[in-house]
Every structure is written in C-alpha cells, then in structure tokens.
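Okay, final.pdb is below, PDB, C-alpha atoms:
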ATOM      1  CA  MET A 248     178.938  51.786  30.084
ATOM      2  CA  ALA A 249     180.945  50.427  32.992
ATOM      3  CA  VAL A 250     182.951  52.269  35.612
ATOM      4  CA  ARG A 251     185.016  50.413  38.191
ATOM      5  CA  VAL A 252     187.193  51.652  41.050
ATOM      6  CA  GLN A 253     189.239  48.816  42.512
ATOM      7  CA  GLN A 254     192.472  47.856  44.260
ATOM      8  CA  GLU A 255     193.094  44.812  42.051
ATOM      9  CA  ASP A 256     195.019  44.891  38.805
ATOM     10  CA  PHE A 257     193.178  44.395  35.503
ATOM     11  CA  ASP A 258     193.862  42.355  32.354
ATOM     12  CA  VAL A 259     193.624  44.724  29.377
ATOM     13  CA  GLY A 260     193.206  41.904  26.836
ATOM     14  CA  ALA A 261     190.387  40.276  28.763
ATOM     15  CA  GLU A 262     188.661  43.641  29.339
ATOM     16  CA  LEU A 263     188.807  44.612  25.649
ATOM     17  CA  LEU A 264     187.510  41.201  24.603
ATOM     18  CA  ALA A 265     184.586  41.459  27.051
ATOM     19  CA  LEU A 266     183.807  44.990  25.858
ATOM     20  CA  ARG A 267     183.471  44.001  22.185
ATOM     21  CA  GLN A 268     182.005  40.524  22.570
ATOM     22  CA  GLY A 269     178.627  40.024  20.912
ATOM     23  CA  ASN A 270     178.576  43.264  18.933
ATOM     24  CA  PRO A 271     179.613  42.721  15.290
ATOM     25  CA  LYS A 272     178.900  46.399  14.528
ATOM     26  CA  ILE A 273     182.081  47.406  16.364
ATOM     27  CA  GLY A 274     184.823  48.382  13.946
ATOM     28  CA  ALA A 275     187.180  50.134  16.337
ATOM     29  CA  ILE A 276     188.346  50.047  19.929
ATOM     30  CA  ALA A 277     190.511  52.857  21.299
ATOM     31  CA  SER A 278     192.132  52.268  24.657
ATOM     32  CA  PHE A 279     194.482  54.109  27.005
ATOM     33  CA  VAL A 280     196.434  52.583  29.891
ATOM     34  CA  GLY A 281     198.105  54.827  32.481
ATOM     35  CA  LEU A 282     201.113  53.434  34.374
ATOM     36  CA  VAL A 283     203.092  54.326  37.498
ATOM     37  CA  ARG A 284     206.489  55.810  36.543
ATOM     38  CA  ASP A 285     209.613  55.525  38.685
ATOM     39  CA  ILE A 286     210.401  59.246  38.366
ATOM     40  CA  ASN A 287     208.443  62.478  38.865
ATOM     41  CA  GLU A 288     209.646  66.088  39.020
ATOM     42  CA  GLY A 289     213.227  64.807  38.834
ATOM     43  CA  ASP A 290     212.987  62.550  41.905
ATOM     44  CA  SER A 291     212.867  58.787  41.885
ATOM     45  CA  VAL A 292     209.569  57.371  43.020
ATOM     46  CA  ALA A 293     209.462  54.057  44.900
ATOM     47  CA  GLY A 294     205.679  53.826  44.848
ATOM     48  CA  MET A 295     202.455  55.703  45.374
ATOM     49  CA  THR A 296     199.153  55.521  47.208
ATOM     50  CA  LEU A 297     195.994  56.512  45.376
ATOM     51  CA  GLU A 298     193.203  57.917  47.509
ATOM     52  CA  HIS A 299     189.675  58.667  46.293
ATOM     53  CA  TYR A 300     186.259  59.883  47.454
ATOM     54  CA  PRO A 301     184.089  56.748  47.476
ATOM     55  CA  GLY A 302     180.688  57.459  45.997
ATOM     56  CA  MET A 303     181.625  60.670  44.242
ATOM     57  CA  THR A 304     184.374  58.967  42.233
ATOM     58  CA  GLU A 305     181.998  56.522  40.557
ATOM     59  CA  LYS A 306     179.421  59.266  40.008
ATOM     60  CA  ALA A 307     181.999  61.621  38.466
ATOM     61  CA  LEU A 308     183.407  58.932  36.148
ATOM     62  CA  ALA A 309     179.908  57.938  34.985
ATOM     63  CA  ALA A 310     179.091  61.604  34.277
ATOM     64  CA  ILE A 311     182.271  61.986  32.200
ATOM     65  CA  VAL A 312     181.464  58.872  30.156
ATOM     66  CA  GLU A 313     177.890  60.112  29.642
ATOM     67  CA  GLN A 314     179.239  63.385  28.270
ATOM     68  CA  ALA A 315     181.439  61.451  25.835
ATOM     69  CA  GLU A 316     178.475  59.305  24.765
ATOM     70  CA  GLY A 317     176.447  62.441  24.121
ATOM     71  CA  ARG A 318     179.193  64.030  22.091
ATOM     72  CA  TRP A 319     180.464  61.182  19.905
ATOM     73  CA  ASP A 320     178.743  58.312  18.156
ATOM     74  CA  ILE A 321     180.259  55.463  20.172
ATOM     75  CA  TYR A 322     178.851  52.104  21.259
ATOM     76  CA  ASP A 323     180.277  51.549  24.701
ATOM     77  CA  ALA A 324     182.947  52.740  27.123
ATOM     78  CA  LEU A 325     184.797  51.244  30.056
ATOM     79  CA  VAL A 326     186.787  53.009  32.778
ATOM     80  CA  ILE A 327     188.769  51.106  35.407
ATOM     81  CA  HIS A 328     190.785  53.107  37.953
ATOM     82  CA  ARG A 329     192.850  51.526  40.685
ATOM     83  CA  VAL A 330     193.234  52.846  44.250
ATOM     84  CA  GLY A 331     195.513  51.902  47.134
ATOM     85  CA  ASP A 332     199.240  51.151  47.043
ATOM     86  CA  LEU A 333     200.915  50.918  43.634
ATOM     87  CA  LYS A 334     204.524  50.585  42.518
ATOM     88  CA  PRO A 335     206.400  51.647  39.373
ATOM     89  CA  THR A 336     205.270  49.776  36.211
ATOM     90  CA  ASP A 337     201.854  49.017  37.776
ATOM     91  CA  GLN A 338     198.764  49.828  35.739
ATOM     92  CA  ILE A 339     196.701  52.700  37.203
ATOM     93  CA  VAL A 340     193.887  53.337  34.765
ATOM     94  CA  LEU A 341     192.214  51.856  31.689
ATOM     95  CA  VAL A 342     189.872  53.775  29.406
ATOM     96  CA  ALA A 343     188.449  51.840  26.452
ATOM     97  CA  VAL A 344     185.865  52.972  23.901
ATOM     98  CA  THR A 345     184.171  51.007  21.126
ATOM     99  CA  GLY A 346     182.586  52.429  17.993
ATOM    100  CA  ALA A 347     182.159  51.940  14.281
ATOM    101  CA  HIS A 348     185.230  53.947  13.248
ATOM    102  CA  ARG A 349     188.508  55.183  14.722
ATOM    103  CA  GLY A 350     187.770  58.927  14.718
ATOM    104  CA  GLU A 351     185.014  58.883  17.337
ATOM    105  CA  THR A 352     186.671  56.262  19.496
ATOM    106  CA  PHE A 353     190.057  58.056  19.606
ATOM    107  CA  ALA A 354     188.394  61.372  20.448
ATOM    108  CA  ALA A 355     186.043  59.953  23.096
ATOM    109  CA  CYS A 356     188.872  58.006  24.748
ATOM    110  CA  GLU A 357     191.100  61.090  24.965
ATOM    111  CA  PHE A 358     188.209  63.249  26.192
ATOM    112  CA  ILE A 359     187.354  60.781  28.983
ATOM    113  CA  MET A 360     190.997  60.634  30.054
ATOM    114  CA  ASP A 361     191.440  64.431  29.998
ATOM    115  CA  TYR A 362     188.294  64.971  32.057
ATOM    116  CA  LEU A 363     189.161  62.159  34.466
ATOM    117  CA  LYS A 364     192.451  63.966  35.162
ATOM    118  CA  THR A 365     190.698  67.179  36.239
ATOM    119  CA  GLU A 366     187.220  66.144  37.453
ATOM    120  CA  ALA A 367     187.412  62.716  39.123
ATOM    121  CA  PRO A 368     188.310  62.843  42.846
ATOM    122  CA  PHE A 369     191.549  60.857  42.992
ATOM    123  CA  TRP A 370     194.757  62.002  44.692
ATOM    124  CA  LYS A 371     198.269  60.558  44.417
ATOM    125  CA  ARG A 372     200.738  60.420  47.276
ATOM    126  CA  GLU A 373     204.276  59.487  46.181
ATOM    127  CA  LYS A 374     207.017  57.746  48.110
ATOM    128  CA  THR A 375     210.431  59.274  47.374
ATOM    129  CA  ALA A 376     213.848  59.031  49.074
ATOM    130  CA  GLU A 377     212.980  62.235  51.001
ATOM    131  CA  GLY A 378     209.715  60.777  52.295
ATOM    132  CA  GLU A 379     206.114  60.904  51.126
ATOM    133  CA  ARG A 380     204.528  63.825  49.299
ATOM    134  CA  TRP A 381     201.169  64.673  47.752
ATOM    135  CA  VAL A 382     201.385  65.136  43.995
ATOM    136  CA  ASP A 383     200.418  68.652  42.847
ATOM    137  CA  ALA A 384     197.877  69.127  40.085
ATOM    138  CA  ARG A 385     199.408  70.152  36.747
ATOM    139  CA  GLU A 386     198.387  73.207  34.787
ATOM    140  CA  SER A 387     198.946  71.202  31.580
ATOM    141  CA  ASP A 388     196.142  68.825  32.651
ATOM    142  CA  GLU A 389     193.738  71.762  33.104
ATOM    143  CA  LYS A 390     194.661  72.999  29.615
ATOM    144  CA  ALA A 391     194.158  69.536  28.121
ATOM    145  CA  ALA A 392     190.616  69.404  29.545
ATOM    146  CA  LEU A 393     189.805  72.997  28.524
ATOM    147  CA  ARG A 394     190.497  72.383  24.835
ATOM    148  CA  TRP A 395     187.329  70.223  24.624
ATOM    149  CA  ARG A 396     185.058  73.091  25.729
TER     150      ARG A 396
ATOM    151  CA  MET B 874     173.562  69.497  60.274
ATOM    152  CA  LEU B 875     176.109  69.304  57.475
ATOM    153  CA  THR B 876     178.628  66.532  56.959
ATOM    154  CA  VAL B 877     181.938  68.046  55.889
ATOM    155  CA  LEU B 878     184.632  65.766  54.467
ATOM    156  CA  TYR B 879     188.275  66.613  53.803
ATOM    157  CA  PHE B 880     190.591  64.663  51.528
ATOM    158  CA  ALA B 881     194.266  64.161  50.714
ATOM    159  CA  ARG B 882     196.708  66.998  51.475
ATOM    160  CA  LEU B 883     193.958  69.218  52.937
ATOM    161  CA  ARG B 884     192.868  66.493  55.370
ATOM    162  CA  ASP B 885     196.482  66.142  56.533
ATOM    163  CA  ALA B 886     196.963  69.904  56.871
ATOM    164  CA  LEU B 887     193.654  70.486  58.710
ATOM    165  CA  GLY B 888     193.994  67.348  60.816
ATOM    166  CA  VAL B 889     190.399  66.214  60.284
ATOM    167  CA  SER B 890     188.841  63.827  57.773
ATOM    168  CA  SER B 891     185.172  64.404  58.534
ATOM    169  CA  GLU B 892     182.984  66.388  60.887
ATOM    170  CA  ARG B 893     179.326  67.184  61.502
ATOM    171  CA  VAL B 894     178.560  70.860  61.865
ATOM    172  CA  GLY B 895     175.316  72.730  62.385
ATOM    173  CA  LEU B 896     174.480  74.860  59.338
ATOM    174  CA  PRO B 897     175.461  78.385  60.430
ATOM    175  CA  ALA B 898     172.486  80.756  60.255
ATOM    176  CA  ASP B 899     174.006  83.086  57.670
ATOM    177  CA  VAL B 900     175.504  80.413  55.395
ATOM    178  CA  SER B 901     173.605  79.534  52.208
ATOM    179  CA  ASP B 902     176.352  78.794  49.672
ATOM    180  CA  VAL B 903     179.847  77.338  49.305
ATOM    181  CA  ALA B 904     181.550  80.741  49.575
ATOM    182  CA  GLY B 905     179.724  81.359  52.860
ATOM    183  CA  LEU B 906     180.674  78.009  54.335
ATOM    184  CA  VAL B 907     184.338  78.416  53.379
ATOM    185  CA  ALA B 908     184.381  81.933  54.874
ATOM    186  CA  TRP B 909     182.810  80.524  58.069
ATOM    187  CA  LEU B 910     185.423  77.727  58.288
ATOM    188  CA  ARG B 911     188.185  80.309  57.756
ATOM    189  CA  LEU B 912     187.048  82.083  60.934
ATOM    190  CA  ARG B 913     188.491  79.150  62.880
ATOM    191  CA  GLY B 914     191.844  80.828  62.240
ATOM    192  CA  GLY B 915     195.298  79.231  62.119
ATOM    193  CA  VAL B 916     195.644  76.496  59.539
ATOM    194  CA  TRP B 917     191.985  76.956  58.457
ATOM    195  CA  GLU B 918     192.614  80.582  57.606
ATOM    196  CA  ASP B 919     195.803  79.657  55.697
ATOM    197  CA  GLU B 920     194.578  76.636  53.767
ATOM    198  CA  LEU B 921     191.194  78.098  52.789
ATOM    199  CA  ALA B 922     192.485  81.607  52.044
ATOM    200  CA  PRO B 923     191.286  83.250  48.828
ATOM    201  CA  GLY B 924     193.651  82.286  46.025
ATOM    202  CA  ARG B 925     194.558  78.886  47.516
ATOM    203  CA  ALA B 926     193.857  75.988  45.194
ATOM    204  CA  PHE B 927     191.074  73.786  46.560
ATOM    205  CA  ARG B 928     187.791  72.481  45.242
ATOM    206  CA  VAL B 929     184.433  71.844  46.851
ATOM    207  CA  ALA B 930     181.791  69.209  46.102
ATOM    208  CA  VAL B 931     178.176  69.420  47.296
ATOM    209  CA  ASN B 932     176.411  66.052  47.590
ATOM    210  CA  GLN B 933     179.188  64.478  45.509
ATOM    211  CA  ASP B 934     178.964  66.902  42.577
ATOM    212  CA  MET B 935     181.694  69.432  41.818
ATOM    213  CA  ALA B 936     180.520  72.829  43.026
ATOM    214  CA  ASP B 937     181.647  76.446  42.798
ATOM    215  CA  ALA B 938     181.570  79.393  45.191
ATOM    216  CA  ALA B 939     177.955  80.216  44.330
ATOM    217  CA  SER B 940     176.603  76.663  44.746
ATOM    218  CA  GLY B 941     173.829  76.501  47.338
ATOM    219  CA  ILE B 942     174.114  74.627  50.635
ATOM    220  CA  LYS B 943     171.203  73.414  52.744
ATOM    221  CA  ASP B 944     170.730  71.426  55.915
ATOM    222  CA  GLY B 945     171.617  67.737  55.505
ATOM    223  CA  ASP B 946     174.078  68.256  52.633
ATOM    224  CA  GLU B 947     177.376  66.390  52.301
ATOM    225  CA  ILE B 948     180.130  68.873  51.554
ATOM    226  CA  ALA B 949     183.657  67.829  50.590
ATOM    227  CA  ILE B 950     186.695  70.095  50.438
ATOM    228  CA  PHE B 951     189.823  68.827  48.713
ATOM    229  CA  PRO B 952     192.916  69.799  46.696
ATOM    230  CA  PRO B 953     192.819  69.800  42.877
ATOM    231  CA  VAL B 954     192.575  66.177  41.767
ATOM    232  CA  THR B 955     195.573  64.178  40.524
ATOM    233  CA  GLY B 956     194.271  60.812  39.297
ATOM    234  CA  GLY B 957     194.829  59.036  36.004
TER     235      GLY B 957
END

Structure re-expressed in structure tokens:
Amino acid sequence: MAVRVQQEDFDVGAELLALRQGNPKIGAIASFVGLVRDINEGDSVAGMTLEHYPGMTEKALAAIVEQAEGRWDIYDALVIHRVGDLKPTDQIVLVAVTGAHRGETFAACEFIMDYLKTEAPFWKREKTAEGERWVDARESDEKAALRWR
Amino acid sequence: MLTVLYFARLRDALGVSSERVGLPADVSDVAGLVAWLRLRGGVWEDELAPGRAFRVAVNQDMADAASGIKDGDEIAIFPPVTGG
C-alpha cells in the first residue's frame, strides 16, 4: 500500500506500471482519476487551492486503504492526492487497486474514493469571478459513503 | 495543555489557526471542549453552535461528541471535508 500527498503532478501510466510490476498474479487494475473542472454550482472556476491537515491526512488515507484491503481480496492499492494551487484540467487525485479479477478491484477503488471524499481532511477553496470561496461538502458524497456500511 | 488546530473556512471565520489552551477542569470530552470554546461568545458561539456542520479530530483520528480528551492531546476542528 502507498499513500502520497504532494504538490507535484503525477503520471498515471508510470504509476500503474510501477504498481503492477513484478506481480504476475495481477489480472486487473482499477483506477480513478479526479480532475479540476472549470465550473461548479453554475459559476466558472479559474482555479482552486487544496488545503489539508498534514499528518492526519496520510493517517486517514492509510486507514481507508486498510479497510478496503480487509474487505476485498486485492493485492495492492495506491492513493495520490495533490495539495496546493491547481487549475482546471489538472489532476487532483489517483486511486489505483490491483487484484486477480475486476469485481474486487472496481469495488475497492470506488470504496476508497467514496471514503476519501468524506473522511480524509482536505478542503477546496475555489477562485471564481466573484472572488474566492470555500467549497461546501455535498450531501450526495455522504450518501455515497454510507451505502458501503 | 491542549493544542487546538483550526482548518479551512473555520480557521478564516475564527481568525486563528492554532492555539495552546490549558485543559479546563470540567472538560473530559469533545462535547465539553466545544461547549467551553462556545463560551468565548461572538463568532465562536455562532460557528460552533449546535446544528452547525463541523467535525473534530482527536490526535489525528476523526472523533465524535463523546470522544475523550486528556492533557497533551492534539484537537482539530474543521468543516466537513471536500477533497477528491
């Protein structure tokens, strides 16, 4: 398992290759990449700043991945989440899971992402034409996490 | 002493990112600490009012109102998270 919080961008191809290298038992990799959009709540977004709680963030992400590993028969998982200033089209987050078959890897990947959205201490601040604003948490994200209980 | 950290919109609203406070004699859990902070009045009373959406972590683990607090703990108070 690897969890990384970083300002720098990441190369999805290189990360997926590194994750599966040396393990011929892997039959499936499921991955999710989250991107910065140029619109939110009907307003155009010029960019955003991602803040986090250093220390707790890494701990929370590792705990989420551990839960996924306990629940599904997967081989490995990787989470990379960026912080700092980002602009539309930038990559924000990568979750990748390897396993023998697609079922477990799809489920574990979605679970990690849903829990990350509600349990990992990150906050987005958007730049719009009217100035900067903190992004409000969405009820739909809470519901997405609750369905795994 | 407790270290209390504030993040994101709550840090902006309260005007403080971190502080060291002596553990109040009658505070032993998260609910007690939040009630004690609310006594500061003004923006503290508003932002930490019952029904407002905020979360608390104790020593970097998500906590709830009943979670215990002891001397030396790191407490963080922040808005619902919005990563991903």

key: Between CA of Val330 (chain A) and CA of Val894 (chain B) - distance in Å to one decimal   =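 Separation of CA of Val894 (chain B) and CA of Val330 (chain A): 29.2 Å.
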
ask   = Mind listing as an MDAnalysis selection string which residues of chain B are within 10 Å of chain A, counting all atoms listed in the file?
value = chainID B and resid 878:883 926 928 930:935 949 951:957

inquiry  = List as JSON, numbers by chain the protein and nucleic acid residues near Glu379 (chain A), meaning an atom at most 10 Å away when all atoms listed in the file are counted, but skip any in the same chain fewer than 5 places from it.
reply    = {"A": [292, 293, 294, 295, 296, 372, 373, 374]}

task = Write out as a ChimeraX atom specification which residues come within 12 Å of Phe358 (chain A) when counting all atoms listed in the file, dropping same-chain ones fewer than 6 positions away.
result = /A:277-279,308,311-319,324,342-344,351-352,364-366,388,391-396

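Here CA of Asp258 (chain A) is placed at a distance of 18.1 Å from CA of Cys356 (chain A).
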
message = For the PyMOL selection byres ((chain B and resi 916) around 12), applied here, can you spell out every residue it catches as a ChimeraX atom specification?
response = /B:883-889,910-915,917-922

ask   = Using only C-alpha atoms, which residue out of B:Glu892, B:Pro897, B:Lys943, B:Val929 lies closest to Thr876 (chain B)?
value = B:Glu892
